[in-house]
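Novice: First the structure, then my questions, so here it is.
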Amino acid sequence: MYPRLVGLAWEAWRTGRRGQAAVGACQQARLPNLVQFARAHSPFYRELYRNLPEDIVDLRQIPPVTKPQLMANFDDWVTDSAVTLARVRDFLADKSRVGKRYVDRYMVMTTSGVTGERGIFLHDRDAVALYRALTFVRGWLPRMNTNVMWPALKKSNRLAALVTVGGHYGGATIMEAARQDHPWPFNRIKVLSVLRPLPELVRELNSFQPAQLVSYPSALLLMAMEQLAGRLQIHPVIVSSGGDWLGPSMRQQIEAAFRCPVHENYGASEFPPLAWDCCLGKLHLSADWAILEPVDSAYRPVSPGQPSYSVLLTNLVNRVQPIIRYDLGDTVVAEREPCLCGNPLPAIRVEGRRDEILYLETARGKVVPLQPTALGRVLNETPGVRVAQVVQTRPSVLNVRMEALSGADKERVWQAMADRLRDYLSAHDLAHITLVCDPAPPVRESGKLPRVVRDLRGN
Ligand SMILES: [Zn+2]
């Protein structure tokens with residue numbers, strides 16, 4: 001893998017130097033190859049594109065695809081007959097295989113089902129090599145200077161990742177694979193479950209003393225509060241935030257608590273390293289390898305500067321499961337002007353996936369903050385659930401609104417979800433909280449479905 005990785009890293013570095021036209025030229029050259037490959041090797045795309053002309057000149061000629069549509073046609077979508085949904089599901093059922101390769105070739109990750117149906121995504125060797133090359137050239141290299149490198153090396157480059165574990169989720173899979181594949185000191189990675197009670201996480205981090213801390217923004221904010229309260233005492237040189245929207249005030253609070261820069265990255269299980277922030281805090285999309293089209297609800301293009309309803313993603317590297325004009329569901333704003341930092345990669349803002357931290361009191365009056373990403377995952381990973389949301393309607397009452405998958409017994413799904421929620425709350429000393437199965441549909445905000453909502457207006 002390493003010769004390939006070095007070649008890709010060199011190419012990514014050069015493209016980043018050669019300006020906007022070079023980035024566009026990469027897309028122009030790679031897209032027809034991808035479409036041609038999908039037509040030749042994926043029965044699903046062959047059928048979908050049967051009436052399209054042989055040569056696609058404009059991306060918008062190509063019909064968009066959705067996660068439910070691809071998942072329903074999984075075996076016809078993939079381009080390798082060794083991959084079938086049934087066999088991949090068997091592989092995924094074994095949690096000890098997180099980060100390992102399916103049929104020795106493919107990295108596999110699942111979405112958490114946060115925005116609806118769960119997706120299963122495989123990435124081939126070239127794709128994984130490219131993601132690592134991009135992470136190195138665009139995520140790691142620009143942050144490195146002597147102020148960062150020496151303190152990081154003194155801590156043996158230890159990296160703590162607070163992510164959802166217990167399944168093949170994106171963050172845990174990438175971190176586990178890196179731990180297994182990378183040479184020292186890039187393998188000093190500790191993956192911690194974000195679902196664990198706060199005092200346990202604090203204890204683990206205090207003893208591990210990471211040089212880098214990686215997590216979701218809301219979890220980082222909780223850690224920042226613990227650091228300010230003096231219970232957490234770590235001195236990372238870089239904090240990385242991903243998986244959710246990082247608001248400016250959140251960023252400031254986290255930076256102030258850890259006294260180090262907070263960097264944001266944006267990715268998805270469909271293309272893990274889509275964008276990194278620059279020195280001006282803008283996210284720069286790796287547009288030489290990924291196309292993101294901000295669109296409205298009818299998949300029409302949305303102008304730069306306007307928030308989109310969704311975005312269509314095209315992954316220009318991965319061949320085992322072609323992702324072409326795929327509805328990713330995030331709200332993204334393409335910046336109107338080139339970024340003043342000089343990076344020719346297009347700058348975007350990601351505004352989807354906003355959530356609140358819920359504050360609940362234990363029976364003894366202690367306030368416990370609950371991290372929305374973790375809470376959302378407890379809900380949405382219940383078997384049979386399509387979408388679910390927690391609405392705090394009173395200080396100690398949580399209403400749960402959910403839709404079950406078609407064919408699932410809603411009452412059973414609710415019982416299973418309530419059991420999972422009670423376990424989660426009990427672990428945080430909140431067993432007395434009342435759970436209500438709310439028949440109302442989940443609240444949507446400009447098309448997005450927040451996992452956690454505070455609505456105390458009735459009180
Ligand atoms: Zn910039």
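Here, A, B, ... name the chains of the structure tokens in the order displayed, residue numbers run from 1 inside each chain, and ligands are numbered from 1 in the same displayed order.
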Find the spatial neighbours of Thr164 in chain A, counting only C-alpha atoms, within a cut-off of 8 Å - ignore same-chain residues fewer than 5 positions away - and output them as a list in words.

Specialist: Tyr169, Gly171, Ala172, Leu192, Ser193, Val194, Leu195, Ala374 and Arg377 of chain A

Novice: For the residues selected in the previous step, produce a file with C-alpha atoms as a PDB file, in the first residue's frame.

Specialist:
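Output file out_15.pdb is given in full below:
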ATOM      1  CA  TYR A 169     -19.017   2.821  12.451  1.00  0.00           C
ATOM      2  CA  GLY A 171     -14.786   6.802  13.140  1.00  0.00           C
ATOM      3  CA  ALA A 172     -14.066   3.579  15.029  1.00  0.00           C
ATOM      4  CA  LEU A 192     -12.735   5.136  23.650  1.00  0.00           C
ATOM      5  CA  SER A 193     -16.503   4.750  23.586  1.00  0.00           C
ATOM      6  CA  VAL A 194     -18.171   8.118  23.739  1.00  0.00           C
ATOM      7  CA  LEU A 195     -21.118   6.371  25.415  1.00  0.00           C
ATOM      8  CA  ALA A 374     -24.053   9.420  21.671  1.00  0.00           C
ATOM      9  CA  ARG A 377     -26.821   6.656  18.295  1.00  0.00           C
TER      10      ARG A 377
END

Novice: Counting only C-alpha atoms and all ligand atoms, what residues are within 7 Å of ligand 1, given as an mmCIF file with C-alpha atoms, in the first residue's frame?

Specialist:
data_model
loop_
_atom_site.group_PDB
_atom_site.id
_atom_site.type_symbol
_atom_site.label_atom_id
_atom_site.label_comp_id
_atom_site.auth_asym_id
_atom_site.auth_seq_id
_atom_site.Cartn_x
_atom_site.Cartn_y
_atom_site.Cartn_z
ATOM 1 C CA ASP A 277 -10.358 23.520 7.644
ATOM 2 C CA CYS A 278 -7.684 26.096 6.839
ATOM 3 C CA CYS A 279 -6.060 28.791 8.973
ATOM 4 C CA LEU A 280 -9.168 30.956 8.377
ATOM 5 C CA GLY A 281 -11.518 28.243 9.612
ATOM 6 C CA LYS A 282 -13.025 27.438 6.188
ATOM 7 C CA LEU A 283 -13.450 23.838 5.086
ATOM 8 C CA HIS A 284 -11.660 23.050 1.836
ATOM 9 C CA CYS A 339 -10.735 31.662 0.313
ATOM 10 C CA LEU A 340 -8.202 34.328 1.275
ATOM 11 C CA CYS A 341 -5.860 31.639 2.609
ATOM 12 C CA GLY A 342 -4.879 30.881 -0.999
ATOM 13 C CA ASN A 343 -5.939 27.233 -1.013
ATOM 14 C CA ALA A 347 -14.334 26.333 0.425
#

Novice: Enumerate as a short mmCIF file (atom, residue, chain, number, x, y, z; two decimals) with N, CA and C atoms, in the first residue's frame all residues of range 26-67 of chain A assigned to helix (DSSP H, G or I) by DSSP on the backbone, naming them with the chain letters and numbers the document uses.

Specialist:
data_model
loop_
_atom_site.label_atom_id
_atom_site.label_comp_id
_atom_site.auth_asym_id
_atom_site.auth_seq_id
_atom_site.Cartn_x
_atom_site.Cartn_y
_atom_site.Cartn_z
N CYS A 26 -8.90 17.58 -12.97
CA CYS A 26 -8.93 16.24 -12.35
C CYS A 26 -10.34 15.67 -12.39
N GLN A 27 -11.33 16.50 -12.04
CA GLN A 27 -12.73 16.04 -12.07
C GLN A 27 -13.12 15.63 -13.49
N GLN A 28 -12.78 16.49 -14.44
CA GLN A 28 -13.14 16.24 -15.84
C GLN A 28 -12.56 14.92 -16.34
N ALA A 29 -11.35 14.61 -15.89
CA ALA A 29 -10.69 13.38 -16.36
C ALA A 29 -11.23 12.16 -15.63
N ARG A 30 -11.55 12.31 -14.34
CA ARG A 30 -11.91 11.13 -13.54
C ARG A 30 -13.37 10.73 -13.65
N LEU A 31 -14.25 11.70 -13.84
CA LEU A 31 -15.68 11.38 -13.86
C LEU A 31 -16.06 10.41 -14.99
N PRO A 32 -15.66 10.67 -16.27
CA PRO A 32 -16.06 9.73 -17.33
C PRO A 32 -15.55 8.30 -17.07
N ASN A 33 -14.33 8.20 -16.51
CA ASN A 33 -13.80 6.87 -16.19
C ASN A 33 -14.67 6.15 -15.17
N LEU A 34 -15.09 6.89 -14.17
CA LEU A 34 -15.93 6.29 -13.12
C LEU A 34 -17.26 5.83 -13.70
N VAL A 35 -17.89 6.70 -14.49
CA VAL A 35 -19.20 6.37 -15.06
C VAL A 35 -19.08 5.15 -15.98
N GLN A 36 -18.03 5.15 -16.77
CA GLN A 36 -17.80 4.03 -17.68
C GLN A 36 -17.60 2.72 -16.89
N PHE A 37 -16.84 2.81 -15.82
CA PHE A 37 -16.58 1.63 -14.99
C PHE A 37 -17.88 1.13 -14.37
N ALA A 38 -18.69 2.06 -13.85
CA ALA A 38 -19.95 1.68 -13.19
C ALA A 38 -20.87 0.99 -14.20
N ARG A 39 -20.92 1.54 -15.40
CA ARG A 39 -21.77 0.93 -16.45
C ARG A 39 -21.30 -0.48 -16.80
N ALA A 40 -20.00 -0.65 -16.84
CA ALA A 40 -19.45 -1.95 -17.25
C ALA A 40 -19.56 -3.00 -16.16
N HIS A 41 -19.46 -2.60 -14.89
CA HIS A 41 -19.31 -3.60 -13.82
C HIS A 41 -20.43 -3.63 -12.79
N PRO A 43 -24.42 -3.93 -12.38
CA PRO A 43 -25.71 -4.10 -13.07
C PRO A 43 -26.72 -3.00 -12.69
N PHE A 44 -26.64 -2.52 -11.45
CA PHE A 44 -27.57 -1.47 -11.01
C PHE A 44 -27.40 -0.20 -11.86
N TYR A 45 -26.14 0.26 -12.00
CA TYR A 45 -25.91 1.49 -12.78
C TYR A 45 -26.15 1.25 -14.26
N ARG A 46 -25.85 0.05 -14.75
CA ARG A 46 -26.09 -0.25 -16.17
C ARG A 46 -27.57 -0.03 -16.49
N GLU A 47 -28.43 -0.54 -15.60
CA GLU A 47 -29.87 -0.40 -15.80
C GLU A 47 -30.30 1.07 -15.64
N LEU A 48 -29.77 1.72 -14.60
CA LEU A 48 -30.16 3.11 -14.32
C LEU A 48 -29.76 4.05 -15.46
N LEU A 59 -22.47 16.54 -15.72
CA LEU A 59 -22.81 15.72 -14.56
C LEU A 59 -24.33 15.68 -14.33
N ARG A 60 -24.99 16.80 -14.64
CA ARG A 60 -26.43 16.88 -14.35
C ARG A 60 -27.29 16.00 -15.26
N GLN A 61 -26.67 15.40 -16.26
CA GLN A 61 -27.41 14.41 -17.08
C GLN A 61 -27.67 13.12 -16.28
N LYS A 67 -29.59 6.53 -0.59
CA LYS A 67 -29.13 5.40 0.21
C LYS A 67 -30.13 4.23 0.21
#

Novice: I'd like the contact shell of Arg179 in chain A - 12 Å cut-off, only C-alpha atoms, skipping same-chain residues fewer than 4 positions apart - returned as a ChimeraX atom specification.

Specialist: /A:98-100,158-161,172-175,183-191

Novice: Keeping only N, CA and C atoms, write the selected residues as a short mmCIF file (atom, residue, chain, number, x, y, z; two decimals), in the first residue's frame.

Specialist:
data_model
loop_
_atom_site.label_atom_id
_atom_site.label_comp_id
_atom_site.auth_asym_id
_atom_site.auth_seq_id
_atom_site.Cartn_x
_atom_site.Cartn_y
_atom_site.Cartn_z
N VAL A 98 -13.83 -5.11 13.59
CA VAL A 98 -13.83 -3.67 13.28
C VAL A 98 -12.42 -3.26 12.83
N GLY A 99 -12.33 -2.60 11.68
CA GLY A 99 -11.03 -2.15 11.15
C GLY A 99 -10.33 -3.19 10.30
N LYS A 100 -10.82 -4.44 10.32
CA LYS A 100 -10.19 -5.48 9.48
C LYS A 100 -10.83 -5.44 8.08
N ARG A 158 0.63 10.11 20.86
CA ARG A 158 -0.57 9.37 21.30
C ARG A 158 -1.84 10.10 20.87
N LEU A 159 -2.78 9.32 20.31
CA LEU A 159 -4.04 9.90 19.83
C LEU A 159 -5.20 9.22 20.54
N ALA A 160 -6.06 10.01 21.15
CA ALA A 160 -7.27 9.45 21.77
C ALA A 160 -8.47 9.83 20.92
N ALA A 161 -9.25 8.82 20.53
CA ALA A 161 -10.45 9.07 19.73
C ALA A 161 -11.67 8.68 20.56
N ALA A 172 -14.72 4.70 14.36
CA ALA A 172 -14.07 3.58 15.03
C ALA A 172 -13.32 2.71 14.01
N THR A 173 -13.93 2.50 12.83
CA THR A 173 -13.30 1.66 11.80
C THR A 173 -11.99 2.28 11.32
N ILE A 174 -12.03 3.59 11.03
CA ILE A 174 -10.84 4.26 10.52
C ILE A 174 -9.73 4.23 11.57
N MET A 175 -10.09 4.49 12.82
CA MET A 175 -9.08 4.53 13.88
C MET A 175 -8.50 3.13 14.14
N PRO A 183 2.73 2.20 11.02
CA PRO A 183 3.94 1.95 11.81
C PRO A 183 4.00 2.90 13.02
N TRP A 184 4.83 2.56 13.98
CA TRP A 184 5.07 3.45 15.11
C TRP A 184 5.61 4.78 14.59
N PRO A 185 5.31 5.96 15.09
CA PRO A 185 4.44 6.20 16.24
C PRO A 185 3.01 6.52 15.84
N PHE A 186 2.65 6.22 14.56
CA PHE A 186 1.30 6.59 14.11
C PHE A 186 0.25 5.56 14.53
N ASN A 187 0.69 4.54 15.26
CA ASN A 187 -0.25 3.50 15.71
C ASN A 187 -0.59 3.64 17.19
N ARG A 188 -0.15 4.73 17.83
CA ARG A 188 -0.43 4.91 19.26
C ARG A 188 -1.82 5.54 19.40
N ILE A 189 -2.83 4.73 19.15
CA ILE A 189 -4.21 5.22 19.09
C ILE A 189 -5.05 4.51 20.12
N LYS A 190 -5.77 5.27 20.93
CA LYS A 190 -6.69 4.66 21.88
C LYS A 190 -8.11 5.06 21.49
N VAL A 191 -8.93 4.05 21.24
CA VAL A 191 -10.32 4.32 20.84
C VAL A 191 -11.20 4.15 22.07
#

Novice: Expressed in Å to a single decimal, how great is the separation between CA of Ala440 in chain A and CA of Gln389 in chain A?

Specialist: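 Separation of CA of Ala440 in chain A and CA of Gln389 in chain A: 10.7 Å.
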
Novice: Can you pull out every residue from range 286-375 of chain A that DSSP, working from the backbone, puts in strand (DSSP E), and format the result as a PyMOL selection string?

Specialist: chain A and resi 290-295+310-315+326-327+332-334+347-350+358-361+367-370

Novice: Just the residues within 6 Å of range 293-299 of chain A, please, counting only C-alpha atoms, with nothing from its chain fewer than 3 positions along; format it as a ChimeraX atom specification.

Specialist: /A:302,308-312

Novice: Could you turn the residues from that selection into a file that holds C-alpha atoms, as a PDB file, in the first residue's frame?

Specialist:
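Output (result25.pdb):
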ATOM      1  CA  VAL A 302     -28.339  25.854  -5.213  1.00  0.00           C
ATOM      2  CA  SER A 308     -28.594  23.691   0.370  1.00  0.00           C
ATOM      3  CA  TYR A 309     -31.380  21.258   1.201  1.00  0.00           C
ATOM      4  CA  SER A 310     -28.990  18.387   0.547  1.00  0.00           C
ATOM      5  CA  VAL A 311     -25.766  17.648  -1.326  1.00  0.00           C
ATOM      6  CA  LEU A 312     -25.003  15.116  -4.025  1.00  0.00           C
TER       7      LEU A 312
END

Novice: Could you list, as a VMD selection string, every residue within 7 Å of Leu379 in chain A, counting only C-alpha atoms and ignoring same-chain residues fewer than 3 positions away?

Specialist: chain A and resid 375 to 376 382 388 417

Novice: Output C-alpha atoms for every residue in the selection just made, as a compact mmCIF listing (two decimals), in the first residue's frame.

Specialist:
# COMPACT_ATOMS: atom_id res chain seq x y z
CA LEU A 375 -27.71 9.74 22.58
CA GLY A 376 -28.72 9.84 18.91
CA THR A 382 -32.10 0.11 17.82
CA ALA A 388 -35.84 8.59 16.03
CA MET A 417 -35.34 1.37 22.32

Novice: Go through A:Ala72, A:Ala9, A:His235, A:Leu162 one by one, measure the shortest atom-to-atom distance of each to Leu141 in chain A using only C-alpha atoms, and give the residue with the smallest value.

Specialist: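 So, comparing all the options, the nearest one is A:Ala9.
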
Novice: Quote the spacing between CA of Ala275 in chain A and CA of Leu292 in chain A in Å to one decimal place.

Specialist: 10.8 Å

Novice: Counting only C-alpha atoms, which residues of range 74-187 of chain A sit at most 7 Å from some atom of range 319-325 of chain A, and what is each one's closest atom pair with its distance in Å to one decimal, listed by chain and rising residue number, as a Markdown table?

Specialist:
| residue | atom | partner | partner_atom | distance |
| --- | --- | --- | --- | --- |
| A:Trp77 | CA | A:Gln321 | CA | 6.4 |
| A:Val78 | CA | A:Gln321 | CA | 4.7 |
| A:Thr79 | CA | A:Val320 | CA | 5.1 |
| A:Asp80 | CA | A:Val320 | CA | 6.3 |
| A:Leu122 | CA | A:Gln321 | CA | 6.6 |
| A:His123 | CA | A:Val320 | CA | 6.6 |
| A:Asp124 | CA | A:Val320 | CA | 6.0 |

Novice: Output N, CA and C atoms of each residue in that selection to a file, as a PDB file, in the first residue's frame.

Specialist:
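Saved result, result-v3.pdb, follows:
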ATOM      1  N   TRP A  77     -25.432  -3.385  -7.098  1.00  0.00           N
ATOM      2  CA  TRP A  77     -24.705  -2.106  -7.040  1.00  0.00           C
ATOM      3  C   TRP A  77     -23.195  -2.353  -7.019  1.00  0.00           C
ATOM      4  N   VAL A  78     -22.747  -3.348  -6.233  1.00  0.00           N
ATOM      5  CA  VAL A  78     -21.315  -3.583  -6.081  1.00  0.00           C
ATOM      6  C   VAL A  78     -20.721  -4.156  -7.371  1.00  0.00           C
ATOM      7  N   THR A  79     -19.405  -3.978  -7.541  1.00  0.00           N
ATOM      8  CA  THR A  79     -18.765  -4.377  -8.797  1.00  0.00           C
ATOM      9  C   THR A  79     -17.855  -5.590  -8.629  1.00  0.00           C
ATOM     10  N   ASP A  80     -17.943  -6.241  -7.451  1.00  0.00           N
ATOM     11  CA  ASP A  80     -17.128  -7.436  -7.210  1.00  0.00           C
ATOM     12  C   ASP A  80     -18.081  -8.527  -6.713  1.00  0.00           C
ATOM     13  N   LEU A 122     -18.280  -0.081   1.398  1.00  0.00           N
ATOM     14  CA  LEU A 122     -16.985  -0.746   1.264  1.00  0.00           C
ATOM     15  C   LEU A 122     -16.051   0.169   0.480  1.00  0.00           C
ATOM     16  N   HIS A 123     -14.785   0.145   0.877  1.00  0.00           N
ATOM     17  CA  HIS A 123     -13.786   0.964   0.180  1.00  0.00           C
ATOM     18  C   HIS A 123     -12.648   0.063  -0.250  1.00  0.00           C
ATOM     19  N   ASP A 124     -12.258   0.186  -1.538  1.00  0.00           N
ATOM     20  CA  ASP A 124     -11.206  -0.700  -2.045  1.00  0.00           C
ATOM     21  C   ASP A 124      -9.818  -0.165  -1.675  1.00  0.00           C
TER      22      ASP A 124
END

Novice: Compile the contact shell of range 213-220 of chain A as a ChimeraX atom specification: residues with an atom at most 8 Å away, counting only C-alpha atoms, same-chain residues fewer than 2 positions apart removed.

Specialist: /A:159-163,194,210-211,222-224,236,238-246,250,254,356-357,371-373

Novice: Measuring atom to atom with only C-alpha atoms, identify which of A:Ile234, A:Leu285, A:Ala408, A:Leu70 is nearest to Ser207 in chain A.

Specialist: A:Ile234

Novice: Looking at A:Ala268, A:Val391, A:Val400, A:Leu358, which one is nearest to Leu421 in chain A, with distances taken over only C-alpha atoms?

Specialist: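 So, comparing all the options, the nearest one is A:Val400.
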
Novice: Rank A:Arg401, A:Arg394, A:Arg196, A:Arg364 by their smallest atom-to-atom distance to Thr434 in chain A, using only C-alpha atoms, and report the top residue only.

Specialist: A:Arg394

Novice: Write out as a PyMOL selection string the residues lying within 7 Å of Gly139 in chain A, counting only C-alpha atoms and excluding same-chain residues fewer than 4 positions away.

Specialist: chain A and resi 134-135+276
